[in-house]
$ cat structure15.txt   # compact mmCIF, C-alpha atoms
# COMPACT_ATOMS: atom_id res chain seq x y z
CA MET A 365 -8.04 36.33 -0.34
CA MET A 366 -6.20 38.87 1.76
CA PRO A 367 -2.55 39.40 0.84
CA ASP A 368 0.18 38.51 3.34
CA ARG A 369 1.50 42.00 2.81
CA PRO A 370 0.88 44.67 0.14
CA PRO A 371 2.97 44.67 -3.06
CA ASP A 372 6.28 46.48 -2.56
CA GLU A 373 7.04 49.98 -3.85
CA SER A 374 8.86 48.61 -6.89
CA GLY A 375 5.57 47.33 -8.19
CA GLN A 376 6.67 43.71 -7.93
CA LEU A 377 3.55 41.58 -8.07
CA ALA A 378 5.15 38.39 -6.77
CA VAL A 379 4.54 38.17 -3.05
CA ALA A 380 6.42 35.64 -0.96
CA ASN A 381 4.64 33.74 1.78
CA HIS A 382 6.01 33.79 5.31
CA LEU A 383 5.48 30.01 5.50
CA ALA A 384 7.92 29.41 2.64
CA PRO A 385 10.86 28.47 4.96
CA LEU A 386 8.81 25.54 6.24
CA ARG A 387 8.77 23.93 2.79
CA ARG A 388 12.13 22.33 3.44
CA PHE A 389 10.42 20.09 6.01
CA THR A 390 7.62 18.77 3.81
CA PRO A 391 6.67 18.19 0.17
CA ALA A 392 3.19 19.59 0.96
CA ARG A 393 2.18 22.67 -1.00
CA ILE A 394 2.62 25.36 1.61
CA GLY A 395 4.13 28.83 1.42
CA LEU A 396 3.98 28.93 -2.37
CA GLY A 397 3.65 32.71 -2.72
CA ARG A 398 1.54 34.37 -5.38
CA ALA A 399 1.53 36.91 -8.17
CA GLY A 400 -1.34 39.31 -7.64
CA SER A 401 -4.30 37.06 -6.86
CA GLY A 402 -2.92 34.09 -8.79
CA GLN A 403 -0.21 31.47 -8.50
CA LEU A 404 3.38 32.02 -9.52
CA THR A 405 4.26 30.61 -12.91
CA ALA A 406 6.81 28.25 -11.38
CA THR A 407 4.21 26.97 -8.92
CA SER A 408 1.69 26.40 -11.68
CA LEU A 409 4.20 24.52 -13.83
CA GLN A 410 5.27 22.32 -10.91
CA PHE A 411 1.63 21.47 -10.22
CA MET A 412 1.12 20.45 -13.85
CA LEU A 413 4.26 18.30 -13.74
CA ASP A 414 3.22 16.54 -10.54
CA HIS A 415 -0.28 15.98 -11.90
CA ALA A 416 1.17 14.41 -15.04
CA ARG A 417 3.37 12.13 -12.94
CA ALA A 418 0.35 11.01 -10.92
CA ARG A 419 -1.62 10.23 -14.07
CA ASP A 420 1.31 8.31 -15.52
CA ALA A 421 1.58 6.26 -12.33
CA VAL A 422 -2.11 5.33 -12.46
CA HIS A 423 -2.06 4.25 -16.10
CA ALA A 424 1.40 2.66 -16.29
CA ALA A 425 1.55 -1.12 -16.70
CA LEU A 426 3.63 -3.16 -14.28
CA ASP A 427 6.24 -5.44 -15.89
CA PHE A 428 5.18 -8.66 -14.17
CA GLU A 429 7.63 -10.79 -16.16
CA ALA A 430 10.65 -8.81 -14.99
CA LEU A 431 9.32 -8.67 -11.45
CA GLY A 432 8.68 -12.40 -11.36
CA GLN A 433 12.19 -13.06 -12.64
CA SER A 434 13.73 -10.86 -9.95
CA LEU A 435 11.70 -12.62 -7.26
CA GLY A 436 12.71 -16.00 -8.62
CA GLU A 437 16.36 -15.02 -8.40
CA ARG A 438 15.69 -14.35 -4.70
CA ASP A 439 14.21 -17.86 -4.25
CA TRP A 440 10.62 -16.70 -3.87
CA ARG A 441 7.88 -19.11 -4.90
CA VAL A 442 5.72 -16.96 -7.14
CA ALA A 443 2.13 -17.40 -8.29
CA ARG A 444 0.80 -14.89 -10.81
CA VAL A 445 -2.92 -14.26 -11.02
CA HIS A 446 -5.30 -11.71 -12.50
CA SER A 447 -8.25 -10.00 -10.89
CA ALA A 448 -11.71 -10.09 -12.40
CA ALA A 449 -11.01 -6.74 -14.10
CA ARG A 450 -10.07 -7.55 -17.70
CA ASP A 451 -7.98 -4.44 -18.36
CA ARG A 452 -6.92 -1.11 -16.86
CA THR A 453 -9.99 0.74 -18.08
CA GLU A 454 -12.34 -1.72 -16.43
CA TYR A 455 -10.17 -1.76 -13.32
CA LEU A 456 -10.52 2.01 -12.90
CA ARG A 457 -14.26 2.04 -13.60
CA ARG A 458 -15.19 -1.09 -11.62
CA PRO A 459 -13.34 -1.17 -8.28
CA ASP A 460 -15.40 -4.21 -7.24
CA LEU A 461 -13.81 -6.34 -9.98
CA GLY A 462 -10.33 -5.48 -8.74
CA ARG A 463 -11.28 -6.99 -5.39
CA ARG A 464 -12.03 -10.46 -6.75
CA LEU A 465 -9.98 -13.04 -8.57
CA SER A 466 -10.62 -14.19 -12.10
CA ALA A 467 -11.65 -17.82 -12.60
CA SER A 468 -8.16 -18.68 -13.85
CA GLY A 469 -6.62 -16.94 -10.83
CA ARG A 470 -8.67 -19.06 -8.44
CA SER A 471 -7.58 -22.21 -10.29
CA VAL A 472 -3.92 -21.26 -9.88
CA LEU A 473 -4.24 -20.79 -6.14
CA GLU A 474 -6.44 -23.85 -5.56
CA SER A 475 -3.47 -25.96 -6.64
CA SER A 476 -0.99 -24.09 -4.39
CA THR A 477 0.22 -25.12 -0.97
CA ARG A 478 -2.11 -24.15 1.89
CA GLY A 479 -1.98 -23.47 5.58
CA ASP A 480 1.09 -21.23 5.88
CA ASP A 481 1.19 -18.53 8.52
CA ILE A 482 1.43 -15.63 6.08
CA ALA A 483 0.35 -15.04 2.50
CA ILE A 484 2.13 -12.11 0.88
CA ILE A 485 0.35 -10.51 -2.06
CA ALA A 486 1.83 -7.85 -4.33
CA ALA A 487 -0.65 -5.93 -6.49
CA ASP A 488 -0.09 -3.10 -8.94
CA GLY A 489 -2.99 -1.13 -7.46
CA LEU A 490 -3.00 2.50 -8.57
CA SER A 491 0.76 2.89 -8.97
CA ALA A 492 2.89 0.38 -10.82
CA LEU A 493 5.81 2.71 -10.11
CA ALA A 494 5.40 2.08 -6.38
CA ILE A 495 5.78 -1.68 -6.84
CA GLU A 496 8.72 -1.33 -9.23
CA THR A 497 10.54 1.01 -6.84
CA ASN A 498 9.79 -0.41 -3.42
CA LEU A 499 8.64 -4.03 -3.47
CA LEU A 500 11.98 -5.82 -3.70
CA PRO A 501 13.80 -3.62 -1.13
CA VAL A 502 10.96 -4.14 1.36
CA LEU A 503 10.84 -7.90 0.81
CA ASP A 504 14.62 -8.15 1.11
CA CYS A 505 14.38 -6.55 4.55
CA LEU A 506 11.18 -8.23 5.69
CA ARG A 507 11.64 -11.92 4.87
CA PRO A 508 14.68 -12.49 7.14
CA LEU A 509 12.75 -10.89 10.00
CA LEU A 510 9.71 -13.13 9.49
CA VAL A 511 11.80 -16.28 9.09
CA ALA A 512 13.74 -15.46 12.26
CA ARG A 513 10.42 -15.40 14.12
CA GLY A 514 9.57 -18.83 12.73
CA ARG A 515 6.75 -17.66 10.47
CA THR A 516 6.02 -19.78 7.42
CA ILE A 517 5.37 -17.88 4.20
CA GLY A 518 3.29 -19.17 1.32
CA PRO A 519 3.87 -18.45 -2.35
CA LEU A 520 4.19 -14.77 -3.13
CA VAL A 521 1.11 -13.93 -5.19
CA LEU A 522 1.48 -11.30 -7.91
CA VAL A 523 -1.87 -9.78 -8.84
CA ASP A 524 -2.52 -7.95 -12.08
CA GLN A 525 -5.18 -5.20 -11.69
CA GLY A 526 -5.66 -5.88 -8.00
CA ARG A 527 -7.04 -3.87 -5.08
CA VAL A 528 -6.51 -4.35 -1.36
CA ALA A 529 -9.51 -6.58 -0.69
CA ILE A 530 -8.38 -9.17 -3.23
CA GLY A 531 -6.06 -10.37 -0.49
CA ASP A 532 -9.12 -11.63 1.41
CA GLU A 533 -10.05 -14.13 -1.29
CA ILE A 534 -6.42 -15.15 -1.75
CA GLY A 535 -5.91 -15.63 1.98
CA GLN A 536 -9.07 -17.71 2.16
CA LEU A 537 -8.02 -19.93 -0.75
CA LEU A 538 -4.54 -20.41 0.73
CA ASP A 539 -5.96 -20.88 4.24
CA ALA A 540 -3.42 -18.38 5.57
CA LYS A 541 -3.60 -17.08 9.11
CA LEU A 542 -2.67 -13.60 7.93
CA THR A 543 -2.37 -11.76 4.64
CA MET A 544 -0.07 -8.92 3.79
CA VAL A 545 -1.04 -6.97 0.67
CA LEU A 546 1.74 -4.79 -0.70
CA ILE A 547 0.12 -2.44 -3.19
CA GLY A 548 0.75 0.74 -5.13
CA GLU A 549 -1.12 3.53 -3.37
CA ARG A 550 -3.26 6.15 -5.06
CA PRO A 551 -0.77 8.80 -6.26
CA GLY A 552 -0.83 12.21 -4.66
CA LEU A 553 0.53 15.40 -6.17
CA SER A 554 3.74 15.02 -4.21
CA ALA A 555 4.08 11.23 -4.13
CA ALA A 556 3.40 8.97 -7.12
CA ASP A 557 5.58 6.10 -5.86
CA SER A 558 4.11 5.27 -2.46
CA LEU A 559 3.72 1.62 -1.44
CA GLY A 560 1.18 0.54 1.17
CA ALA A 561 1.20 -2.62 3.31
CA TYR A 562 -2.25 -3.85 4.42
CA ILE A 563 -2.25 -6.57 7.07
CA THR A 564 -5.34 -8.65 7.79
CA TRP A 565 -5.83 -11.45 10.33
CA ARG A 566 -7.86 -14.49 9.19
CA PRO A 567 -8.97 -12.90 5.90
CA ARG A 568 -12.21 -14.00 4.33
CA ILE A 569 -14.25 -12.67 1.41
CA GLY A 570 -16.28 -9.75 2.74
CA THR A 571 -13.77 -8.77 5.41
CA MET A 572 -14.29 -5.17 6.48
CA ASP A 573 -11.54 -2.58 6.06
CA SER A 574 -11.77 -1.78 9.79
CA THR A 575 -10.13 -5.14 10.48
CA ARG A 576 -6.91 -4.20 8.67
CA ASN A 577 -3.75 -2.40 9.68
CA CYS A 578 -2.03 -0.23 7.10
CA ILE A 579 1.53 1.01 6.91
CA SER A 580 1.78 3.59 4.14
CA ASN A 581 4.13 6.06 2.51
CA ILE A 582 6.82 3.45 1.88
CA ARG A 583 9.05 5.14 -0.69
CA PRO A 584 12.53 6.66 -1.01
CA ALA A 585 11.35 10.07 0.24
CA GLY A 586 9.13 8.55 2.93
CA LEU A 587 9.36 5.42 5.05
CA SER A 588 12.56 3.49 4.25
CA PRO A 589 12.44 -0.26 3.48
CA GLU A 590 14.21 -1.04 6.76
CA ALA A 591 11.79 1.04 8.82
CA ALA A 592 8.79 -0.32 6.92
CA ALA A 593 9.90 -3.92 7.47
CA ALA A 594 10.32 -3.27 11.19
CA GLN A 595 6.85 -1.73 11.47
CA ILE A 596 5.26 -4.52 9.44
CA LEU A 597 6.94 -7.14 11.63
CA ASP A 598 5.65 -5.40 14.74
CA VAL A 599 2.07 -5.49 13.47
CA VAL A 600 2.40 -9.11 12.34
CA GLU A 601 3.71 -10.23 15.71
CA GLN A 602 0.95 -8.36 17.52
CA ALA A 603 -1.61 -9.94 15.19
CA PHE A 604 -0.35 -13.43 16.07
CA ALA A 605 -0.23 -12.56 19.76
CA TYR A 606 -3.77 -11.17 19.95
CA GLY A 607 -5.42 -13.01 17.07
CA ALA A 608 -6.65 -9.83 15.45
CA THR A 609 -5.81 -6.82 13.34
CA GLY A 610 -7.39 -3.41 12.80
CA VAL A 611 -9.73 -1.85 15.33
CA ARG A 612 -10.08 -5.11 17.24
CA LEU A 613 -6.31 -5.31 17.67
CA LYS A 614 -6.24 -1.73 18.91
CA ASP A 615 -8.92 -2.53 21.46
CA LEU A 616 -7.22 -5.73 22.59
CA ARG A 617 -3.88 -4.00 23.12
CA SER A 618 -5.55 -1.81 25.68
CA THR A 619 -7.18 -4.80 27.35
CA ALA A 620 -5.75 -6.10 30.61
CA PRO A 621 -3.41 -9.07 30.01
CA GLY A 622 -5.67 -11.32 32.04
CA LEU A 623 -8.47 -10.82 29.55
CA ARG A 624 -6.35 -11.65 26.50
CA ALA A 625 -7.34 -15.32 26.52
CA ILE A 626 -11.00 -14.34 26.39
CA ALA A 627 -10.32 -11.90 23.59
CA ASN A 628 -8.52 -14.60 21.60
CA ALA A 629 -11.57 -16.84 21.66
CA PRO A 630 -12.93 -17.55 18.13
CA SER A 631 -15.44 -14.99 16.91
CA ARG A 632 -18.97 -16.22 16.32

$ encode --input "structure15.txt" --output "structure tokens"
Amino acid sequence: MMPDRPPDESGQLAVANHLAPLRRFTPARIGLGRAGSGQLTATSLQFMLDHARARDAVHAALDFEALGQSLGERDWRVARVHSAARDRTEYLRRPDLGRRLSASGRSVLESSTRGDDIAIIAADGLSALAIETNLLPVLDCLRPLLVARGRTIGPLVLVDQGRVAIGDEIGQLLDAKLTMVLIGERPGLSAADSLGAYITWRPRIGTMDSTRNCISNIRPAGLSPEAAAAQILDVVEQAFAYGATGVRLKDLRSTAPGLRAIANAPSR
């Protein structure tokens, strides 16, 4: 790798990078400088710290009892279920099991109310920290917006060891028009607390990811709860207007208004 400039006459090996001033605009690892051909000690230590935080976020267990209690205090109807993954180790090694409900989870939802407009699902995903930090603030902002639009909301489903696609089975069981999966995102080396919101119209088992909309980076240093709720509401309202999400929604938004009725026709 070519140096940005040669070491100075004092023999100082640490060489600053001319991109360093841009670091105040982003947590991305840019303009880190170097010592000789290697990283600075401070840079290396920060990397190790961030990596440890990411690993902790992946392996940490979500306190579902405390979360359920907090939701109950906010008058949410809560249903707690478990995916088909028996524990964290199996969840990490078998992503397919995190996408399906356990038998007991299906039984819980089969006895729940059905036919609401929206089913909201909160899953630990790959960062319990993201749920603990962001879920309640987002819901506090989002629910009044949905209620004001006249949307009915089913029981909030808490999923232990869940992945995004588990919302398809839950939405199908609850016969919801739309599912919203709020899930801890895969930690990066600068963000271990990021929450994602995945929105799917008419979810069914086997739904393709291309039919979803995702709003990500919801966290204190990213998208605020107020901004996230506004963006989620916008997608939800568009989904109800066009009868679609994902790529199909994108295509329909560019369709002439006169063709919208044709586009809303049931898919075969």

$ atom_distance --input "structure15.txt" --atom1 "CA of Ala529 (chain A)" --atom2 "CA of Ala494 (chain A)"
18.2 Å

$ residues_near_point --input "structure15.txt" --point "(-11.2, -17.9, 0.1)" --cutoff "12 Å" --atoms "all atoms listed in the file" --output "MDAnalysis selection string"
chainID A and resid 464:465 469:471 473:474 478 529:541 543 566:571

$ closest_atom_pairs --input "structure15.txt" --of "region 452-518 of chain A" --to "region 413-422 of chain A" --cutoff "10 Å" --atoms "all atoms listed in the file" --output "JSON lines"
{"residue": "A:Arg452", "atom": "CA", "partner": "A:Val422", "partner_atom": "CA", "distance": 9.2}
{"residue": "A:Leu456", "atom": "CA", "partner": "A:Val422", "partner_atom": "CA", "distance": 9.1}
{"residue": "A:Asp488", "atom": "CA", "partner": "A:Val422", "partner_atom": "CA", "distance": 9.4}
{"residue": "A:Gly489", "atom": "CA", "partner": "A:Val422", "partner_atom": "CA", "distance": 8.2}
{"residue": "A:Leu490", "atom": "CA", "partner": "A:Val422", "partner_atom": "CA", "distance": 4.9}
{"residue": "A:Ser491", "atom": "CA", "partner": "A:Ala421", "partner_atom": "CA", "distance": 4.8}
{"residue": "A:Ala492", "atom": "CA", "partner": "A:Ala421", "partner_atom": "CA", "distance": 6.2}
{"residue": "A:Leu493", "atom": "CA", "partner": "A:Ala421", "partner_atom": "CA", "distance": 6.0}
{"residue": "A:Ala494", "atom": "CA", "partner": "A:Ala421", "partner_atom": "CA", "distance": 8.2}

$ closest_atom_pairs --input "structure15.txt" --of "region 513-558 of chain A" --to "region 587-611 of chain A" --cutoff "10 Å" --atoms "only C-alpha atoms" --output "Markdown table"
| residue | atom | partner | partner_atom | distance |
| --- | --- | --- | --- | --- |
| A:Arg513 | CA | A:Glu601 | CA | 8.6 |
| A:Arg515 | CA | A:Glu601 | CA | 9.6 |
| A:Lys541 | CA | A:Phe604 | CA | 8.5 |
| A:Leu542 | CA | A:Val600 | CA | 8.1 |
| A:Thr543 | CA | A:Val600 | CA | 9.4 |
| A:Met544 | CA | A:Val600 | CA | 8.9 |
| A:Ser558 | CA | A:Leu587 | CA | 9.2 |

$ closest_residue --input "structure15.txt" --among "A:Ser466, A:Gln433, A:Thr390, A:Gln403" --to "Ala585 (chain A)" --atoms "all atoms listed in the file"
A:Thr390

$ closest_residue --input "structure15.txt" --among "A:Val521, A:Leu383, A:Ile484, A:Cys578" --to "Arg507 (chain A)" --atoms "only C-alpha atoms"
A:Ile484

$ atom_distance --input "structure15.txt" --atom1 "CA of Leu522 (chain A)" --atom2 "CA of Ala555 (chain A)"
23.0 Å

$ residues_around --input "structure15.txt" --residues "Arg387 (chain A)" --least-positions-apart "6" --cutoff "12 Å" --atoms "only C-alpha atoms" --output "ChimeraX atom specification"
/A:381,393-397

$ closest_residue --input "structure15.txt" --among "A:Ala384, A:Asn498, A:Pro519, A:Arg398" --to "Ala561 (chain A)" --atoms "all atoms listed in the file"
A:Asn498

$ residues_around --input "structure15.txt" --residues "Phe428 (chain A)" --least-positions-apart "6" --cutoff "9 Å" --atoms "all atoms listed in the file" --output "tab-separated table (two decimals) with C-alpha atoms, in the frame of the given file"
chain	number	residue	atom	x	y	z
A	444	ARG	CA	0.80	-14.89	-10.81
A	522	LEU	CA	1.48	-11.30	-7.91
A	523	VAL	CA	-1.87	-9.78	-8.84
A	524	ASP	CA	-2.52	-7.95	-12.08

$ atom_distance --input "structure15.txt" --atom1 "CA of Leu500 (chain A)" --atom2 "CA of Trp565 (chain A)"
23.4 Å

$ closest_residue --input "structure15.txt" --among "A:Leu616, A:Ile579, A:Ala483, A:Val545" --to "Arg441 (chain A)" --atoms "only C-alpha atoms"
A:Ala483

$ axis_aligned_box --input "structure15.txt" --around "region 567-573 of chain A" --padding-each-side "5 Å" --output "JSON"
{"center_x": -12.6, "center_y": -8.3, "center_z": 3.9, "size_x": 17.3, "size_y": 21.4, "size_z": 15.1}

$ closest_residue --input "structure15.txt" --among "A:Leu510, A:Glu429, A:Leu559, A:Pro501" --to "Ala487 (chain A)" --atoms "only C-alpha atoms"
A:Leu559
